[in-house]
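*Asks:* Please read through the structure below; I'll follow up with questions.
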Amino acid sequence: MAVPTLPLSDGTQIPSLAWGNGTGDAKKTATESGRLAIKVGIRHIDTAQGYENEKETGESIAIAEKDNGIKAGEIYLTTKLSTEKGDPTNPGISLEELRHSVRGSLQRLGRQPNLVLIHNPFVPPKGKLVEFWKILEEMKDKGELTASLGVSNFRPQDFEELLPHCKYPPVVNQLEYHPYVLTHLQPVLDIMEKHNIRVESYGGLSPLLRHPTGGPIKPLLEKVAARLSKESGKDVDAAMALILWQRSKGVVVVTASGNAERIEKLSLTQELPDLTKEDVDEIESVGRKIHYRAYDEHMCVDFPAPDLPKDA
Ligand SMILES: NC(=O)c1ccc[n+]([C@@H]2O[C@H](COP(=O)([O-])OP(=O)(O)OC[C@H]3O[C@@H](n4cnc5c(N)ncnc54)[C@H](OP(=O)(O)O)[C@@H]3O)[C@@H](O)[C@H]2O)c1
C-alpha cells in the first residue's frame with residue numbers, strides 16, 4: 001500500500017497519518033502499540049520529550065523496521081521540545097539548555113527525527129522565541145540536526161513574533177483541530193495559509209470522544225461512514241470518517257490508539273478515498289457554529305475563545 005503523503009514548505013514530504021504516543025492507552029503501551037502501528041502500515045510516529053518515552057519510541061521503530069523488513073528512512077519520526085512532562089504550565093527550556101536538550105532527544109531516539117516541534121509557545125523563555133529558533137536553525141546549518149522545524153499550539157501573536165526573523169520558517173503548526181475549533185482557530189489558520197504552514201491535528205476525534213453528546217456533526221459523520229462502508233466493503237466508523245474529513249482539508253492527522261483493532265482501523269483510513277467536497281463543506285459549516293475544545297490549556301492563554309454554544 002502506498003502511504004499518502006503531503007508536501008511541506010521546505011520541500012520534504014510528510015505521511016498524512018501519524019500515530020502518537022502521548023495520550024491514553026497509546027502512551028501506556030507505547031512500545032507494543034508503536035510496533036503494531038508500523039506493522040499494519042502506519043509510517044509516521046509522533047512523540048515528544050514531555051511524553052517521557054522517546055527511548056522506547058526509538059527502540060520500537062528499530063524493532064519494527066527489523067521485523068517487517070522496512071528500509072531505513074521509511075518511518076517518519078516527529079518529536080517535540082517540551083515543557084516538563086508536556087504540561088504547558090510547567091517550566092520550559094532555557095536558551096543555555098537548548099542545545100543539550102536537543103542532543104538528549106537525539107540520543108534517546110537513537111536516530112535523527114524528521115520533524116522537531118516546539119511543543120507550545122511556553123517552552124522558550126518569555127520574549128526569547130526568536131533567539132530560541134535561531135539556535136535550532138544554527139544546529140541545522142551545522143548538520144547536527146537534520147529535521148524539518150515546526151511548532152505546536154502557536155497562536156497569532158507567536159507567529160507575529162517569530163515569522164519576520166526566520167531563516168527556516170516553521171513547516172507545520174500542530175494544534176487541536178476539528179470542526180468545533182475552526183471558528184476559534186481562524187485567525188491563526190489565516191496566518192498559516194499565507195505562510196504555507198501546514199496544519200497537523202491532534203485531538204481530532206474530540207467531537208466524537210470527548211464532547212458530551214457528539215453534537216451536530218455526529219449524525220453527518222455517521223451518514224458518511226455508512227456510505228463509505230457500502231462503497232468500500234470495509235467497516236468504516238464515524239471516527240474514521242472524521243479522520244478522512246481532516247485529511248480532506250489537507251491536514252496531517254496525528255491520532256492515537258492502544259487497541260489493536262482500532263490501530264488497524266486508523267491504518268485502513270490510508271486506503272480510503274477523501275470525502276466529497278459537499279460532505280467536507282457541510283461538516284465544516286455545521287461545526288463552525290459550535291465551540292468545543294478538549295485541550296484548553298494549550299491554546300487559550302491570551303487567545304480567547306469565541307462566544308459560541310457548545311452544542312446545537
Ligand atoms: N502537540 C500537542 O500539544 C499535543 C496534545 C495532545 C496530543 N498530541 C499528540 O496527538 C496524539 C493524539 O492525540 P489525541 O489522543 O488527542 O487524539 P484523538 O485522535 O482525538 O484521539 C485518540 C483516541 O481515539 C481513540 N480511537 C482511535 N480510533 C478510534 C475509533 N475508530 N473509534 C473510537 N475511538 C478511537 C483512541 O482510544 P483507544 O486507545 O481506546 O483506541 C485514542 O485514545 C497524541 O498521542 C500525541 O502524540 C499532541
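Within each chain, counting starts at residue 1; across the C-alpha cells, chains are named A, B, ... in the order shown, with ligands numbered 1 upward in that order.
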As a PyMOL selection string, please: the residues near Leu266 (chain A) (cut-off 12 Å, only C-alpha atoms, same-chain neighbours under 2 positions excluded).

*Replies:* chain A and resi 16-20+36-38+40-43+205+235-244+253-264+268-272

*Asks:* Keeping N, CA, C and O atoms, export the residues of the selection given above as a short mmCIF file (atom, residue, chain, number, x, y, z; two decimals), in the first residue's frame.

*Replies:*
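Output file again.cif follows:
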data_model
loop_
_atom_site.label_atom_id
_atom_site.label_comp_id
_atom_site.auth_asym_id
_atom_site.auth_seq_id
_atom_site.Cartn_x
_atom_site.Cartn_y
_atom_site.Cartn_z
N SER A 16 0.54 11.55 5.78
CA SER A 16 -0.61 12.34 6.24
C SER A 16 -1.31 11.75 7.46
O SER A 16 -2.20 12.37 8.02
N LEU A 17 -0.90 10.55 7.89
CA LEU A 17 -1.46 9.96 9.12
C LEU A 17 -0.31 9.62 10.07
O LEU A 17 0.64 8.94 9.67
N ALA A 18 -0.41 10.10 11.30
CA ALA A 18 0.60 9.76 12.32
C ALA A 18 -0.07 9.07 13.49
O ALA A 18 -1.20 9.41 13.86
N TRP A 19 0.65 8.13 14.08
CA TRP A 19 0.22 7.50 15.34
C TRP A 19 1.05 8.14 16.45
O TRP A 19 2.29 8.12 16.41
N GLY A 20 0.38 8.75 17.43
CA GLY A 20 1.09 9.43 18.52
C GLY A 20 1.09 8.60 19.78
O GLY A 20 0.18 7.79 20.00
N LEU A 36 3.03 -2.27 16.54
CA LEU A 36 1.84 -2.72 15.81
C LEU A 36 1.43 -1.69 14.76
O LEU A 36 1.09 -2.03 13.62
N ALA A 37 1.48 -0.40 15.15
CA ALA A 37 1.10 0.65 14.19
C ALA A 37 1.95 0.55 12.93
O ALA A 37 1.43 0.67 11.80
N ILE A 38 3.24 0.32 13.12
CA ILE A 38 4.12 0.21 11.94
C ILE A 38 3.81 -1.08 11.17
O ILE A 38 3.71 -1.07 9.95
N VAL A 40 1.06 -2.62 10.80
CA VAL A 40 -0.17 -2.57 9.99
C VAL A 40 -0.15 -1.44 8.95
O VAL A 40 -1.14 -1.22 8.26
N GLY A 41 0.97 -0.72 8.86
CA GLY A 41 1.11 0.18 7.71
C GLY A 41 1.20 1.67 8.02
O GLY A 41 1.26 2.48 7.10
N ILE A 42 1.19 2.06 9.31
CA ILE A 42 1.34 3.50 9.62
C ILE A 42 2.84 3.84 9.55
O ILE A 42 3.68 3.08 10.02
N ARG A 43 3.16 4.95 8.94
CA ARG A 43 4.57 5.27 8.67
C ARG A 43 5.04 6.57 9.32
O ARG A 43 6.08 7.12 8.95
N LEU A 205 -10.30 13.70 17.18
CA LEU A 205 -11.52 12.90 17.41
C LEU A 205 -12.33 13.44 18.58
O LEU A 205 -13.34 12.83 18.97
N ASP A 235 -15.46 -1.95 7.17
CA ASP A 235 -16.28 -1.44 8.28
C ASP A 235 -15.77 -0.05 8.67
O ASP A 235 -14.86 0.09 9.48
N VAL A 236 -16.34 0.99 8.07
CA VAL A 236 -15.90 2.37 8.33
C VAL A 236 -16.80 2.97 9.41
O VAL A 236 -18.02 2.94 9.30
N ASP A 237 -16.17 3.49 10.49
CA ASP A 237 -16.98 4.10 11.56
C ASP A 237 -16.87 5.63 11.52
O ASP A 237 -16.10 6.19 10.72
N ALA A 238 -17.63 6.29 12.41
CA ALA A 238 -17.68 7.76 12.39
C ALA A 238 -16.31 8.37 12.69
O ALA A 238 -15.95 9.42 12.14
N ALA A 239 -15.52 7.72 13.57
CA ALA A 239 -14.18 8.24 13.89
C ALA A 239 -13.31 8.24 12.63
O ALA A 239 -12.56 9.20 12.37
N MET A 240 -13.42 7.17 11.85
CA MET A 240 -12.63 7.11 10.61
C MET A 240 -13.09 8.20 9.64
O MET A 240 -12.28 8.83 8.95
N ALA A 241 -14.41 8.43 9.59
CA ALA A 241 -14.93 9.49 8.71
C ALA A 241 -14.38 10.86 9.15
O ALA A 241 -14.06 11.71 8.31
N LEU A 242 -14.23 11.07 10.46
CA LEU A 242 -13.71 12.35 10.95
C LEU A 242 -12.22 12.50 10.60
O LEU A 242 -11.75 13.60 10.26
N ILE A 243 -11.49 11.40 10.64
CA ILE A 243 -10.08 11.44 10.21
C ILE A 243 -10.01 11.78 8.72
O ILE A 243 -9.19 12.60 8.29
N LEU A 244 -10.91 11.19 7.93
CA LEU A 244 -10.92 11.49 6.49
C LEU A 244 -11.32 12.93 6.22
O LEU A 244 -10.83 13.56 5.28
N VAL A 253 -2.93 14.24 10.07
CA VAL A 253 -3.71 13.80 11.24
C VAL A 253 -2.81 13.05 12.22
O VAL A 253 -2.23 12.02 11.88
N VAL A 254 -2.70 13.60 13.43
CA VAL A 254 -1.94 12.91 14.49
C VAL A 254 -2.98 12.35 15.46
O VAL A 254 -3.63 13.10 16.20
N THR A 255 -3.17 11.04 15.41
CA THR A 255 -4.16 10.41 16.27
C THR A 255 -3.46 9.37 17.12
O THR A 255 -2.23 9.38 17.23
N ALA A 256 -4.21 8.49 17.76
CA ALA A 256 -3.59 7.51 18.66
C ALA A 256 -4.56 6.37 18.89
O ALA A 256 -5.77 6.52 18.70
N SER A 257 -4.02 5.24 19.32
CA SER A 257 -4.84 4.18 19.91
C SER A 257 -3.90 3.18 20.56
O SER A 257 -2.76 2.99 20.10
N GLY A 258 -4.38 2.56 21.63
CA GLY A 258 -3.63 1.48 22.25
C GLY A 258 -4.36 0.15 22.04
O GLY A 258 -4.04 -0.84 22.67
N ASN A 259 -5.33 0.17 21.13
CA ASN A 259 -6.18 -1.00 20.92
C ASN A 259 -5.90 -1.56 19.51
O ASN A 259 -5.99 -0.83 18.52
N ALA A 260 -5.56 -2.87 19.45
CA ALA A 260 -5.08 -3.44 18.18
C ALA A 260 -6.10 -3.26 17.04
O ALA A 260 -5.73 -2.86 15.94
N GLU A 261 -7.36 -3.52 17.35
CA GLU A 261 -8.38 -3.42 16.29
C GLU A 261 -8.49 -1.98 15.78
O GLU A 261 -8.59 -1.74 14.57
N ARG A 262 -8.45 -1.02 16.73
CA ARG A 262 -8.59 0.39 16.31
C ARG A 262 -7.32 0.90 15.61
O ARG A 262 -7.40 1.74 14.72
N ILE A 263 -6.15 0.38 15.99
CA ILE A 263 -4.93 0.78 15.28
C ILE A 263 -5.04 0.34 13.82
O ILE A 263 -4.70 1.09 12.90
N GLU A 264 -5.58 -0.85 13.59
CA GLU A 264 -5.77 -1.32 12.19
C GLU A 264 -6.76 -0.43 11.45
O GLU A 264 -6.58 -0.14 10.27
N LEU A 268 -6.24 1.70 8.10
CA LEU A 268 -7.15 1.49 6.95
C LEU A 268 -7.60 2.82 6.32
O LEU A 268 -7.84 2.89 5.11
N THR A 269 -7.70 3.86 7.13
CA THR A 269 -8.13 5.15 6.55
C THR A 269 -7.21 5.57 5.41
O THR A 269 -7.62 6.30 4.51
N GLN A 270 -5.95 5.10 5.45
CA GLN A 270 -4.99 5.49 4.40
C GLN A 270 -5.40 4.95 3.03
O GLN A 270 -4.97 5.45 2.01
N GLU A 271 -6.21 3.88 3.04
CA GLU A 271 -6.63 3.27 1.76
C GLU A 271 -7.96 3.83 1.27
O GLU A 271 -8.39 3.53 0.18
N LEU A 272 -8.63 4.60 2.14
CA LEU A 272 -9.96 5.10 1.78
C LEU A 272 -9.87 6.44 1.04
O LEU A 272 -8.90 7.18 1.24
#

*Asks:* Extract, using only C-alpha atoms, all DNA, RNA and protein residues at most 9 Å from region 191-196 of chain A, discarding same-chain residues fewer than 4 positions from it, and format them as a ChimeraX atom specification.

*Replies:* /A:8-9,156,159-160,163,169,171-173,186-187

*Asks:* Which residues are close to Glu137 (chain A), i.e. within 12 Å by only C-alpha atoms, leaving aside same-chain residues fewer than 6 positions away? Reply as a ChimeraX atom specification.

*Replies:* /A:98-99,116,130-131,143-150,165-170

*Asks:* Please write the residues from the selection above to a file, keeping N, CA and C atoms, as a PDB file, in the first residue's frame.

*Replies:*
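Saved result, again36.pdb, follows:
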ATOM      1  N   LEU A  98      19.234  24.647  25.617  1.00  0.00           N
ATOM      2  CA  LEU A  98      18.543  24.140  24.428  1.00  0.00           C
ATOM      3  C   LEU A  98      19.361  23.113  23.627  1.00  0.00           C
ATOM      4  N   ARG A  99      20.640  23.446  23.326  1.00  0.00           N
ATOM      5  CA  ARG A  99      21.444  22.506  22.523  1.00  0.00           C
ATOM      6  C   ARG A  99      21.521  21.147  23.220  1.00  0.00           C
ATOM      7  N   VAL A 116      11.086  18.312  14.159  1.00  0.00           N
ATOM      8  CA  VAL A 116      11.186  18.722  15.566  1.00  0.00           C
ATOM      9  C   VAL A 116      10.279  19.937  15.757  1.00  0.00           C
ATOM     10  N   VAL A 130      12.576  34.123  19.286  1.00  0.00           N
ATOM     11  CA  VAL A 130      13.416  34.270  18.089  1.00  0.00           C
ATOM     12  C   VAL A 130      14.814  33.715  18.368  1.00  0.00           C
ATOM     13  N   GLU A 131      15.365  34.046  19.527  1.00  0.00           N
ATOM     14  CA  GLU A 131      16.701  33.526  19.863  1.00  0.00           C
ATOM     15  C   GLU A 131      16.694  32.005  19.963  1.00  0.00           C
ATOM     16  N   GLY A 143      24.516  20.791  10.600  1.00  0.00           N
ATOM     17  CA  GLY A 143      24.278  19.373  10.306  1.00  0.00           C
ATOM     18  C   GLY A 143      24.071  18.542  11.560  1.00  0.00           C
ATOM     19  N   GLU A 144      24.009  19.220  12.699  1.00  0.00           N
ATOM     20  CA  GLU A 144      23.829  18.474  13.950  1.00  0.00           C
ATOM     21  C   GLU A 144      22.385  17.991  14.076  1.00  0.00           C
ATOM     22  N   LEU A 145      21.502  18.744  13.465  1.00  0.00           N
ATOM     23  CA  LEU A 145      20.078  18.410  13.448  1.00  0.00           C
ATOM     24  C   LEU A 145      19.638  18.485  11.991  1.00  0.00           C
ATOM     25  N   THR A 146      19.071  17.389  11.477  1.00  0.00           N
ATOM     26  CA  THR A 146      18.691  17.413  10.052  1.00  0.00           C
ATOM     27  C   THR A 146      17.180  17.571   9.864  1.00  0.00           C
ATOM     28  N   ALA A 147      16.436  17.566  10.974  1.00  0.00           N
ATOM     29  CA  ALA A 147      14.972  17.577  10.899  1.00  0.00           C
ATOM     30  C   ALA A 147      14.419  18.882  10.331  1.00  0.00           C
ATOM     31  N   SER A 148      13.206  18.773   9.760  1.00  0.00           N
ATOM     32  CA  SER A 148      12.412  19.981   9.491  1.00  0.00           C
ATOM     33  C   SER A 148      12.038  20.591  10.838  1.00  0.00           C
ATOM     34  N   LEU A 149      11.819  21.907  10.837  1.00  0.00           N
ATOM     35  CA  LEU A 149      11.452  22.590  12.089  1.00  0.00           C
ATOM     36  C   LEU A 149       9.994  23.027  12.029  1.00  0.00           C
ATOM     37  N   GLY A 150       9.290  22.833  13.143  1.00  0.00           N
ATOM     38  CA  GLY A 150       7.899  23.254  13.203  1.00  0.00           C
ATOM     39  C   GLY A 150       7.517  23.678  14.604  1.00  0.00           C
ATOM     40  N   HIS A 165      11.626  36.821  11.417  1.00  0.00           N
ATOM     41  CA  HIS A 165      13.046  36.620  11.711  1.00  0.00           C
ATOM     42  C   HIS A 165      13.576  35.238  11.334  1.00  0.00           C
ATOM     43  N   CYS A 166      12.768  34.434  10.643  1.00  0.00           N
ATOM     44  CA  CYS A 166      13.171  33.045  10.400  1.00  0.00           C
ATOM     45  C   CYS A 166      14.012  32.907   9.155  1.00  0.00           C
ATOM     46  N   LYS A 167      15.030  32.088   9.235  1.00  0.00           N
ATOM     47  CA  LYS A 167      15.713  31.615   8.029  1.00  0.00           C
ATOM     48  C   LYS A 167      14.962  30.383   7.504  1.00  0.00           C
ATOM     49  N   TYR A 168      14.579  29.506   8.430  1.00  0.00           N
ATOM     50  CA  TYR A 168      13.771  28.327   8.086  1.00  0.00           C
ATOM     51  C   TYR A 168      12.408  28.481   8.754  1.00  0.00           C
ATOM     52  N   PRO A 169      11.413  28.982   8.037  1.00  0.00           N
ATOM     53  CA  PRO A 169      10.097  29.160   8.672  1.00  0.00           C
ATOM     54  C   PRO A 169       9.519  27.809   9.106  1.00  0.00           C
ATOM     55  N   PRO A 170       8.697  27.798  10.157  1.00  0.00           N
ATOM     56  CA  PRO A 170       8.103  26.528  10.587  1.00  0.00           C
ATOM     57  C   PRO A 170       7.291  25.912   9.459  1.00  0.00           C
TER      58      PRO A 170
END

*Asks:* Restricting the calculation to only C-alpha atoms and all ligand atoms, which member of A:Val251, A:Ala62, A:Val280, A:Leu208 is positioned closest to ligand 1?

*Replies:*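 That would be A:Leu208, the residue with the smallest distance to ligand 1.
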
*Asks:* Taking the DSSP assignment computed from this structure's backbone, write out as a count of residues only all residues of region 62-303 of chain A that belong to helix (DSSP H, G or I).

*Replies:* 122

*Asks:* With a distance cut-off of 10 Å and only C-alpha atoms, select the neighbouring residues of Glu96 (chain A), excluding the residue or stretch itself and same-chain residues fewer than 4 positions from it, and output the selection as a list in words.

*Replies:* His100, Ser101, Phe132 and Ile135 of chain A

*Asks:* Using only C-alpha atoms and all ligand atoms, find the one residue out of A:Gly34, A:Gly69, A:Gly287, A:Pro124 that sits nearest to ligand 1.

*Replies:*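 Of the candidates, the smallest distance to ligand 1 is held by A:Gly34.
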
*Asks:* Please return, as a JSON list (two decimals) with all heavy atoms, in the first residue's frame, all residues of region 5-124 of chain A that DSSP assigns to strand (DSSP E) on the basis of the backbone.

*Replies:*
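Wrote it out as out.json, contents follow:
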[["chain", "number", "residue", "atom", "x", "y", "z"],
["A", 5, "THR", "N", 1.06, 10.96, 1.36],
["A", 5, "THR", "CA", 1.94, 11.98, 1.95],
["A", 5, "THR", "C", 1.48, 13.36, 1.49],
["A", 5, "THR", "O", 0.74, 13.49, 0.52],
["A", 5, "THR", "CB", 3.41, 11.79, 1.53],
["A", 5, "THR", "OG1", 3.50, 11.92, 0.11],
["A", 5, "THR", "CG2", 3.97, 10.45, 1.96],
["A", 6, "LEU", "N", 1.97, 14.38, 2.18],
["A", 6, "LEU", "CA", 1.67, 15.77, 1.82],
["A", 6, "LEU", "C", 2.98, 16.55, 1.78],
["A", 6, "LEU", "O", 3.89, 16.27, 2.58],
["A", 6, "LEU", "CB", 0.74, 16.39, 2.88],
["A", 6, "LEU", "CG", -0.70, 15.86, 2.89],
["A", 6, "LEU", "CD1", -1.40, 16.21, 4.19],
["A", 6, "LEU", "CD2", -1.48, 16.42, 1.71],
["A", 7, "PRO", "N", 3.10, 17.52, 0.87],
["A", 7, "PRO", "CA", 4.34, 18.29, 0.81],
["A", 7, "PRO", "C", 4.41, 19.36, 1.90],
["A", 7, "PRO", "O", 3.39, 19.92, 2.29],
["A", 7, "PRO", "CB", 4.27, 18.95, -0.58],
["A", 7, "PRO", "CG", 2.82, 19.02, -0.91],
["A", 7, "PRO", "CD", 2.13, 17.89, -0.20],
["A", 13, "GLN", "N", 8.40, 15.66, 2.25],
["A", 13, "GLN", "CA", 7.05, 15.07, 2.25],
["A", 13, "GLN", "C", 6.79, 14.48, 3.62],
["A", 13, "GLN", "O", 7.69, 13.91, 4.24],
["A", 13, "GLN", "CB", 6.97, 13.92, 1.22],
["A", 13, "GLN", "CG", 7.08, 14.34, -0.23],
["A", 13, "GLN", "CD", 5.76, 14.83, -0.80],
["A", 13, "GLN", "OE1", 4.69, 14.39, -0.40],
["A", 13, "GLN", "NE2", 5.83, 15.75, -1.75],
["A", 14, "ILE", "N", 5.53, 14.56, 4.08],
["A", 14, "ILE", "CA", 5.18, 14.04, 5.40],
["A", 14, "ILE", "C", 4.00, 13.07, 5.24],
["A", 14, "ILE", "O", 3.02, 13.41, 4.56],
["A", 14, "ILE", "CB", 4.86, 15.21, 6.36],
["A", 14, "ILE", "CG1", 4.60, 14.71, 7.79],
["A", 14, "ILE", "CG2", 3.67, 16.04, 5.90],
["A", 14, "ILE", "CD1", 4.58, 15.86, 8.82],
["A", 15, "PRO", "N", 4.07, 11.87, 5.83],
["A", 15, "PRO", "CA", 2.89, 10.98, 5.76],
["A", 15, "PRO", "C", 1.69, 11.65, 6.42],
["A", 15, "PRO", "O", 1.81, 12.23, 7.51],
["A", 15, "PRO", "CB", 3.35, 9.73, 6.54],
["A", 15, "PRO", "CG", 4.84, 9.77, 6.48],
["A", 15, "PRO", "CD", 5.21, 11.23, 6.50],
["A", 17, "LEU", "N", -0.90, 10.55, 7.89],
["A", 17, "LEU", "CA", -1.46, 9.96, 9.12],
["A", 17, "LEU", "C", -0.31, 9.62, 10.07],
["A", 17, "LEU", "O", 0.64, 8.94, 9.67],
["A", 17, "LEU", "CB", -2.22, 8.67, 8.81],
["A", 17, "LEU", "CG", -2.80, 7.98, 10.05],
["A", 17, "LEU", "CD1", -4.04, 8.70, 10.56],
["A", 17, "LEU", "CD2", -3.15, 6.52, 9.75],
["A", 18, "ALA", "N", -0.41, 10.10, 11.30],
["A", 18, "ALA", "CA", 0.60, 9.76, 12.32],
["A", 18, "ALA", "C", -0.07, 9.07, 13.49],
["A", 18, "ALA", "O", -1.20, 9.41, 13.86],
["A", 18, "ALA", "CB", 1.31, 11.02, 12.80],
["A", 19, "TRP", "N", 0.65, 8.13, 14.08],
["A", 19, "TRP", "CA", 0.22, 7.50, 15.34],
["A", 19, "TRP", "C", 1.05, 8.14, 16.45],
["A", 19, "TRP", "O", 2.29, 8.12, 16.41],
["A", 19, "TRP", "CB", 0.45, 5.99, 15.27],
["A", 19, "TRP", "CG", 0.08, 5.27, 16.53],
["A", 19, "TRP", "CD1", -1.15, 4.80, 16.87],
["A", 19, "TRP", "CD2", 0.94, 4.96, 17.64],
["A", 19, "TRP", "NE1", -1.11, 4.22, 18.11],
["A", 19, "TRP", "CE2", 0.16, 4.30, 18.61],
["A", 19, "TRP", "CE3", 2.28, 5.19, 17.91],
["A", 19, "TRP", "CZ2", 0.68, 3.86, 19.82],
["A", 19, "TRP", "CZ3", 2.81, 4.75, 19.11],
["A", 19, "TRP", "CH2", 2.00, 4.10, 20.06],
["A", 20, "GLY", "N", 0.38, 8.75, 17.43],
["A", 20, "GLY", "CA", 1.09, 9.43, 18.52],
["A", 20, "GLY", "C", 1.09, 8.60, 19.78],
["A", 20, "GLY", "O", 0.18, 7.79, 20.00],
["A", 44, "HIS", "N", 4.26, 7.07, 10.28],
["A", 44, "HIS", "CA", 4.63, 8.33, 10.94],
["A", 44, "HIS", "C", 4.33, 8.18, 12.44],
["A", 44, "HIS", "O", 3.18, 7.89, 12.81],
["A", 44, "HIS", "CB", 3.81, 9.47, 10.31],
["A", 44, "HIS", "CG", 4.06, 10.83, 10.89],
["A", 44, "HIS", "ND1", 3.50, 11.97, 10.34],
["A", 44, "HIS", "CD2", 4.79, 11.27, 11.94],
["A", 44, "HIS", "CE1", 3.88, 13.03, 11.04],
["A", 44, "HIS", "NE2", 4.66, 12.62, 12.03],
["A", 45, "ILE", "N", 5.36, 8.34, 13.26],
["A", 45, "ILE", "CA", 5.20, 8.22, 14.72],
["A", 45, "ILE", "C", 5.47, 9.60, 15.34],
["A", 45, "ILE", "O", 6.46, 10.25, 15.01],
["A", 45, "ILE", "CB", 6.19, 7.18, 15.30],
["A", 45, "ILE", "CG1", 6.07, 5.82, 14.60],
["A", 45, "ILE", "CG2", 5.98, 7.04, 16.82],
["A", 45, "ILE", "CD1", 4.81, 5.05, 14.85],
["A", 46, "ASP", "N", 4.58, 9.99, 16.24],
["A", 46, "ASP", "CA", 4.66, 11.32, 16.88],
["A", 46, "ASP", "C", 4.93, 11.13, 18.37],
["A", 46, "ASP", "O", 4.13, 10.52, 19.08],
["A", 46, "ASP", "CB", 3.32, 12.04, 16.68],
["A", 46, "ASP", "CG", 3.29, 13.42, 17.33],
["A", 46, "ASP", "OD1", 2.97, 13.50, 18.53],
["A", 46, "ASP", "OD2", 3.57, 14.41, 16.63],
["A", 76, "TYR", "N", 8.66, 7.99, 9.31],
["A", 76, "TYR", "CA", 8.79, 9.42, 9.58],
["A", 76, "TYR", "C", 8.59, 9.62, 11.08],
["A", 76, "TYR", "O", 7.61, 9.18, 11.66],
["A", 76, "TYR", "CB", 7.72, 10.16, 8.78],
["A", 76, "TYR", "CG", 7.88, 11.67, 8.75],
["A", 76, "TYR", "CD1", 8.45, 12.31, 7.66],
["A", 76, "TYR", "CD2", 7.42, 12.45, 9.81],
["A", 76, "TYR", "CE1", 8.56, 13.69, 7.62],
["A", 76, "TYR", "CE2", 7.55, 13.82, 9.78],
["A", 76, "TYR", "CZ", 8.12, 14.44, 8.68],
["A", 76, "TYR", "OH", 8.23, 15.81, 8.66],
["A", 77, "LEU", "N", 9.54, 10.31, 11.71],
["A", 77, "LEU", "CA", 9.51, 10.45, 13.17],
["A", 77, "LEU", "C", 9.46, 11.94, 13.56],
["A", 77, "LEU", "O", 10.28, 12.73, 13.10],
["A", 77, "LEU", "CB", 10.76, 9.79, 13.76],
["A", 77, "LEU", "CG", 10.99, 9.94, 15.27],
["A", 77, "LEU", "CD1", 9.84, 9.35, 16.08],
["A", 77, "LEU", "CD2", 12.31, 9.26, 15.67],
["A", 78, "THR", "N", 8.50, 12.25, 14.40],
["A", 78, "THR", "CA", 8.38, 13.62, 14.94],
["A", 78, "THR", "C", 8.65, 13.59, 16.44],
["A", 78, "THR", "O", 8.14, 12.72, 17.15],
["A", 78, "THR", "CB", 6.93, 14.16, 14.76],
["A", 78, "THR", "OG1", 6.64, 14.24, 13.37],
["A", 78, "THR", "CG2", 6.77, 15.54, 15.38],
["A", 79, "THR", "N", 9.45, 14.54, 16.94],
["A", 79, "THR", "CA", 9.50, 14.75, 18.38],
["A", 79, "THR", "C", 9.29, 16.24, 18.67],
["A", 79, "THR", "O", 9.25, 17.06, 17.75],
["A", 79, "THR", "CB", 10.77, 14.20, 19.04],
["A", 79, "THR", "OG1", 10.53, 14.13, 20.46],
["A", 79, "THR", "CG2", 12.01, 15.05, 18.77],
["A", 80, "LYS", "N", 9.11, 16.53, 19.95],
["A", 80, "LYS", "CA", 8.82, 17.92, 20.34],
["A", 80, "LYS", "C", 9.69, 18.32, 21.51],
["A", 80, "LYS", "O", 9.93, 17.49, 22.41],
["A", 80, "LYS", "CB", 7.33, 18.08, 20.73],
["A", 80, "LYS", "CG", 6.38, 17.44, 19.75],
["A", 80, "LYS", "CD", 4.93, 17.68, 20.12],
["A", 80, "LYS", "CE", 4.02, 16.75, 19.35],
["A", 80, "LYS", "NZ", 3.90, 15.39, 19.90],
["A", 81, "LEU", "N", 10.11, 19.57, 21.51],
["A", 81, "LEU", "CA", 10.85, 20.14, 22.64],
["A", 81, "LEU", "C", 9.79, 20.65, 23.61],
["A", 81, "LEU", "O", 8.99, 21.52, 23.26],
["A", 81, "LEU", "CB", 11.75, 21.28, 22.15],
["A", 81, "LEU", "CG", 12.72, 20.87, 21.02],
["A", 81, "LEU", "CD1", 13.40, 22.09, 20.42],
["A", 81, "LEU", "CD2", 13.75, 19.88, 21.54],
["A", 115, "LEU", "N", 11.14, 15.56, 12.01],
["A", 115, "LEU", "CA", 10.49, 16.83, 12.33],
["A", 115, "LEU", "C", 10.65, 17.10, 13.83],
["A", 115, "LEU", "O", 10.42, 16.20, 14.65],
["A", 115, "LEU", "CB", 8.99, 16.71, 11.97],
["A", 115, "LEU", "CG", 8.06, 17.88, 12.25],
["A", 115, "LEU", "CD1", 8.49, 19.12, 11.46],
["A", 115, "LEU", "CD2", 6.61, 17.51, 11.86],
["A", 116, "VAL", "N", 11.09, 18.31, 14.16],
["A", 116, "VAL", "CA", 11.19, 18.72, 15.57],
["A", 116, "VAL", "C", 10.28, 19.94, 15.76],
["A", 116, "VAL", "O", 10.38, 20.92, 15.01],
["A", 116, "VAL", "CB", 12.64, 19.08, 15.94],
["A", 116, "VAL", "CG1", 12.70, 19.72, 17.32],
["A", 116, "VAL", "CG2", 13.51, 17.82, 15.95],
["A", 117, "LEU", "N", 9.39, 19.84, 16.75],
["A", 117, "LEU", "CA", 8.45, 20.93, 17.02],
["A", 117, "LEU", "C", 8.76, 21.58, 18.36],
["A", 117, "LEU", "O", 9.19, 20.90, 19.29],
["A", 117, "LEU", "CB", 7.01, 20.39, 17.09],
["A", 117, "LEU", "CG", 6.51, 19.51, 15.95],
["A", 117, "LEU", "CD1", 5.05, 19.09, 16.22],
["A", 117, "LEU", "CD2", 6.59, 20.25, 14.63],
["A", 118, "ILE", "N", 8.48, 22.87, 18.47],
["A", 118, "ILE", "CA", 8.39, 23.50, 19.79],
["A", 118, "ILE", "C", 6.99, 23.16, 20.29],
["A", 118, "ILE", "O", 5.99, 23.54, 19.67],
["A", 118, "ILE", "CB", 8.60, 25.02, 19.70],
["A", 118, "ILE", "CG1", 10.00, 25.34, 19.17],
["A", 118, "ILE", "CG2", 8.39, 25.66, 21.08],
["A", 118, "ILE", "CD1", 10.29, 26.84, 19.06]]

*Asks:* May I have the residues within 9 Å of Ser206 (chain A) as a list in words, using only C-alpha atoms and disregarding those fewer than 6 positions away in the same chain?

*Replies:*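 Near Ser206 (chain A), the qualifying residues are Glu176, Tyr177, His178, Tyr180, Gly214, Tyr292, Arg293 and Ala294 of chain A.
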
*Asks:* List the neighbours of region 303-306 of chain A out to 12 Å using only C-alpha atoms; skip same-chain residues closer than 5 positions along the sequence, and give me the result as a list in words.

*Replies:*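 In the requested format, the answer is Asn153, Phe154, Arg155, Pro156, Gln157, Asp158, Tyr180, Val181, Leu182, Thr183, His184, Leu185, Gln186, Pro187, Val188, Arg288, Lys289, Ile290, His291, Tyr292, Arg293, Asp296, Glu297 and His298 of chain A.
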